[in-house]
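Okay, so here's the structure we're looking at.
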Amino acid sequence: MGFPGFKYIAPEDYLTMELTAPERHEYFEGTIYAMTGATDNHLFIVGNLSSEIQSFVKGKGCRVSTSDLRITTPHFESYMYPDISITCGKAEKKEGVFNTSTNPSVIIEVTSESTEKYDRGYKYIYYLQIPSLKEYIIVDSVRCKVEINRKLENGNWVKLVTEDINGSIFISTINMNIAIKDIYFEVSFDSTETSSH
């Protein structure tokens with residue numbers, strides 16, 4: 001993710017621009033951020049997770065989407081493209097806005113050195129405002145670290161961090177355990193790539 005290339009722009013102007021833009025952009029309260037190329041580690045992790053989860057939820061009433069599906073929040077003018085989102089039950093779209101979901105159950109971001117501040121900053125704040133969201137998972141692409149932010153029944157959020165390559169994570173929303181080794185299959189932490197996504 002690059003630095004903002006525009007001054008304030010209205011959401012309707014952003015949406016119009018995004019229809020024909022050669023690359024995707026995320027939108028936070030009037031500021032646009034261009035999304036650029038991803039590292040090999042990022043691509044491997046997203047591929048590993050999406051295939052594991054898709055296979056697990058098939059036929060169980062949940063749908064897995066990659067970064068082609070845009071997510072919006074109800075309380076802020078923001079539009080984001082998470083690496084992976086899981087929607088359980090009927091998918092709801094924002095009226096009058098193309099390809100934009102309003103009710104993800106789980107969001108997963110694969111972060112790097114260049115995107116970490118956004119995934120743990122803007123996106124963390126905005127995602128947690130989505131009423132349907134039950135878990136926000138952040139997977140590090142440069143070290144073995146997976147963080148699950150899980151919404152409790154009382155509305156509070158709890159953070160669980162796993163850094164053990166021999167461990168596993170539990171996505172409670174879909175009742176699924178995933179081995180950390182499967183998430184990081186074919187990933188090398190010796191890579192010096194620092195491209196953003």
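Simple scheme: letters A, B, ... for chains in structure tokens order, numbers from 1 for residues in each chain, numbers from 1 for ligands in the order shown.
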
Any chance you could list, as a compact mmCIF listing (two decimals) with N, CA and C atoms, in the first residue's frame, the residues in segment 91-187 of chain A that come up alpha helix (DSSP H) when DSSP is run on the backbone?
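Saved result, selection_31.txt, follows:
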```txt
# COMPACT_ATOMS: atom_id res chain seq x y z
N GLU A 116 1.96 -3.07 7.63
CA GLU A 116 1.57 -3.39 9.01
C GLU A 116 0.86 -2.23 9.70
N LYS A 117 1.34 -1.01 9.49
CA LYS A 117 0.72 0.11 10.19
C LYS A 117 -0.71 0.36 9.74
N TYR A 118 -1.03 0.00 8.49
CA TYR A 118 -2.40 0.14 8.01
C TYR A 118 -3.28 -1.00 8.53
N ASP A 119 -2.74 -2.22 8.49
CA ASP A 119 -3.52 -3.37 8.94
C ASP A 119 -3.81 -3.31 10.44
N TYR A 122 -5.51 1.98 10.60
CA TYR A 122 -6.77 2.30 9.95
C TYR A 122 -7.70 1.10 9.87
N LYS A 123 -7.20 0.01 9.29
CA LYS A 123 -8.07 -1.13 9.03
C LYS A 123 -8.57 -1.75 10.34
N TYR A 124 -7.72 -1.83 11.33
CA TYR A 124 -8.13 -2.37 12.62
C TYR A 124 -9.32 -1.59 13.17
N ILE A 125 -9.20 -0.28 13.14
CA ILE A 125 -10.27 0.58 13.67
C ILE A 125 -11.54 0.43 12.86
N TYR A 126 -11.41 0.44 11.55
CA TYR A 126 -12.59 0.43 10.68
C TYR A 126 -13.25 -0.95 10.65
N TYR A 127 -12.47 -1.99 10.55
CA TYR A 127 -13.05 -3.33 10.50
C TYR A 127 -13.85 -3.65 11.75
N ILE A 180 -0.25 -23.91 11.87
CA ILE A 180 0.60 -22.79 11.45
C ILE A 180 1.50 -23.22 10.27
N LYS A 181 1.96 -24.45 10.29
CA LYS A 181 2.80 -24.94 9.19
C LYS A 181 2.05 -24.90 7.86
N ASP A 182 0.75 -25.13 7.89
CA ASP A 182 -0.04 -25.08 6.66
C ASP A 182 -0.21 -23.65 6.16
N ILE A 183 -0.32 -22.72 7.10
CA ILE A 183 -0.42 -21.30 6.72
C ILE A 183 0.86 -20.85 6.04
```

Exercise. Counting only C-alpha atoms, which of A:Lys7, A:Lys159, A:Arg143, A:His25 gets nearest to Met80 of chain A?
Worked result: A:His25

For this session: Using only C-alpha atoms, pick whichever of A:Ala10, A:Asp83, A:His42, A:Cys88 has the shortest atom-to-atom distance to Lys58 of chain A.
Result: A:Cys88

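The two atoms in question, atom CA of Pro131 of chain A and atom CA of Thr102 of chain A, are spaced 9.1 Å apart.
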
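Among the candidates A:Glu135, A:Asp40, A:Glu113, A:Glu12, the one nearest to Ile84 of chain A when counting only C-alpha atoms is A:Glu135.
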
For this session: Would you list, as a ChimeraX atom specification, the residues of segment 46-143 of chain A that end up in strand (DSSP E) under DSSP run on this structure's backbone?
Result: /A:62-66,70-72,78-80,84-88,100-101,106-111,135-140

Take the residues from that selection and put them in a file with N, CA and C atoms, as a CSV table (one decimal), in the first residue's frame.
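Saved the output as again_0.csv:
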```
chain,number,residue,atom,x,y,z
A,62,CYS,N,-21.0,-20.9,4.2
A,62,CYS,CA,-20.1,-19.8,4.3
A,62,CYS,C,-19.4,-19.7,3.0
A,63,ARG,N,-19.0,-18.4,2.6
A,63,ARG,CA,-18.4,-18.1,1.3
A,63,ARG,C,-17.0,-17.5,1.6
A,64,VAL,N,-16.0,-17.9,0.9
A,64,VAL,CA,-14.7,-17.3,1.0
A,64,VAL,C,-14.4,-16.4,-0.2
A,65,SER,N,-13.9,-15.2,0.0
A,65,SER,CA,-13.6,-14.3,-1.0
A,65,SER,C,-12.2,-13.8,-0.8
A,66,THR,N,-11.5,-13.5,-1.9
A,66,THR,CA,-10.2,-12.9,-1.9
A,66,THR,C,-10.3,-11.4,-2.1
A,70,ARG,N,-14.7,-6.1,-2.2
A,70,ARG,CA,-14.5,-4.9,-1.4
A,70,ARG,C,-15.4,-4.9,-0.2
A,71,ILE,N,-14.9,-4.4,0.9
A,71,ILE,CA,-15.7,-4.3,2.2
A,71,ILE,C,-15.9,-2.9,2.6
A,72,THR,N,-17.1,-2.6,3.1
A,72,THR,CA,-17.3,-1.2,3.6
A,72,THR,C,-17.8,-1.3,5.1
A,78,SER,N,-15.6,4.3,4.2
A,78,SER,CA,-14.4,3.6,4.0
A,78,SER,C,-14.6,2.4,3.1
A,79,TYR,N,-13.7,2.1,2.2
A,79,TYR,CA,-13.8,0.9,1.4
A,79,TYR,C,-12.4,0.2,1.3
A,80,MET,N,-12.4,-1.0,1.6
A,80,MET,CA,-11.2,-1.8,1.8
A,80,MET,C,-11.2,-3.1,1.0
A,84,ILE,N,-8.5,-11.8,2.5
A,84,ILE,CA,-9.5,-12.9,2.5
A,84,ILE,C,-10.6,-12.4,3.4
A,85,SER,N,-11.8,-12.7,3.0
A,85,SER,CA,-13.0,-12.5,3.9
A,85,SER,C,-13.9,-13.7,3.8
A,86,ILE,N,-14.5,-14.0,4.9
A,86,ILE,CA,-15.5,-15.1,5.0
A,86,ILE,C,-16.8,-14.6,5.4
A,87,THR,N,-17.8,-14.9,4.6
A,87,THR,CA,-19.2,-14.4,4.9
A,87,THR,C,-20.1,-15.7,5.1
A,88,CYS,N,-20.7,-15.8,6.3
A,88,CYS,CA,-21.5,-16.9,6.6
A,88,CYS,C,-23.0,-16.4,6.6
A,100,THR,N,-19.5,-4.7,-3.4
A,100,THR,CA,-19.1,-4.2,-2.0
A,100,THR,C,-19.9,-4.9,-1.0
A,101,SER,N,-19.3,-5.6,-0.1
A,101,SER,CA,-19.9,-6.4,1.0
A,101,SER,C,-20.0,-5.6,2.2
A,106,VAL,N,-15.6,-12.9,9.0
A,106,VAL,CA,-14.2,-13.0,9.3
A,106,VAL,C,-13.4,-12.2,8.2
A,107,ILE,N,-12.4,-11.5,8.7
A,107,ILE,CA,-11.5,-10.8,7.7
A,107,ILE,C,-10.1,-11.2,8.1
A,108,ILE,N,-9.3,-11.5,7.0
A,108,ILE,CA,-7.9,-11.9,7.2
A,108,ILE,C,-7.1,-11.0,6.4
A,109,GLU,N,-6.1,-10.4,7.0
A,109,GLU,CA,-5.1,-9.6,6.3
A,109,GLU,C,-3.7,-10.2,6.5
A,110,VAL,N,-3.0,-10.3,5.4
A,110,VAL,CA,-1.6,-10.7,5.4
A,110,VAL,C,-0.7,-9.5,5.4
A,111,THR,N,0.0,-9.2,6.4
A,111,THR,CA,0.7,-8.0,6.6
A,111,THR,C,2.2,-8.1,6.3
A,135,GLU,N,-14.3,-12.0,13.8
A,135,GLU,CA,-12.9,-12.2,13.9
A,135,GLU,C,-12.1,-11.4,12.9
A,136,TYR,N,-11.1,-10.8,13.3
A,136,TYR,CA,-10.1,-10.1,12.4
A,136,TYR,C,-8.8,-10.7,12.7
A,137,ILE,N,-8.3,-11.4,11.6
A,137,ILE,CA,-7.0,-12.1,11.8
A,137,ILE,C,-5.9,-11.4,11.0
A,138,ILE,N,-4.8,-11.2,11.6
A,138,ILE,CA,-3.6,-10.6,11.0
A,138,ILE,C,-2.5,-11.6,10.9
A,139,VAL,N,-2.0,-11.9,9.7
A,139,VAL,CA,-0.9,-12.9,9.5
A,139,VAL,C,0.3,-12.2,9.0
A,140,ASP,N,1.4,-12.3,9.7
A,140,ASP,CA,2.7,-11.7,9.4
A,140,ASP,C,3.3,-12.5,8.3
```

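Take the candidates A:Gln129, A:Thr162, A:Asn48, A:Thr73 and check each one against Val187 of chain A using only C-alpha atoms; the shortest distance goes to A:Asn48.
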
For this session: Find the distance between atom CA of Tyr8 of chain A and atom CA of Gly96 of chain A and write it in Å to one decimal.
Result: 22.0 Å

For this session: Record the distance separating atom CA of Ser51 of chain A and atom CA of Asp164 of chain A, expressed in Å with one decimal.
Result: 21.5 Å

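The smallest atom-to-atom distance between Tyr14 of chain A and any of A:Leu69, A:Val97, A:Ala38, A:Ile171, using only C-alpha atoms, is found for A:Val97.
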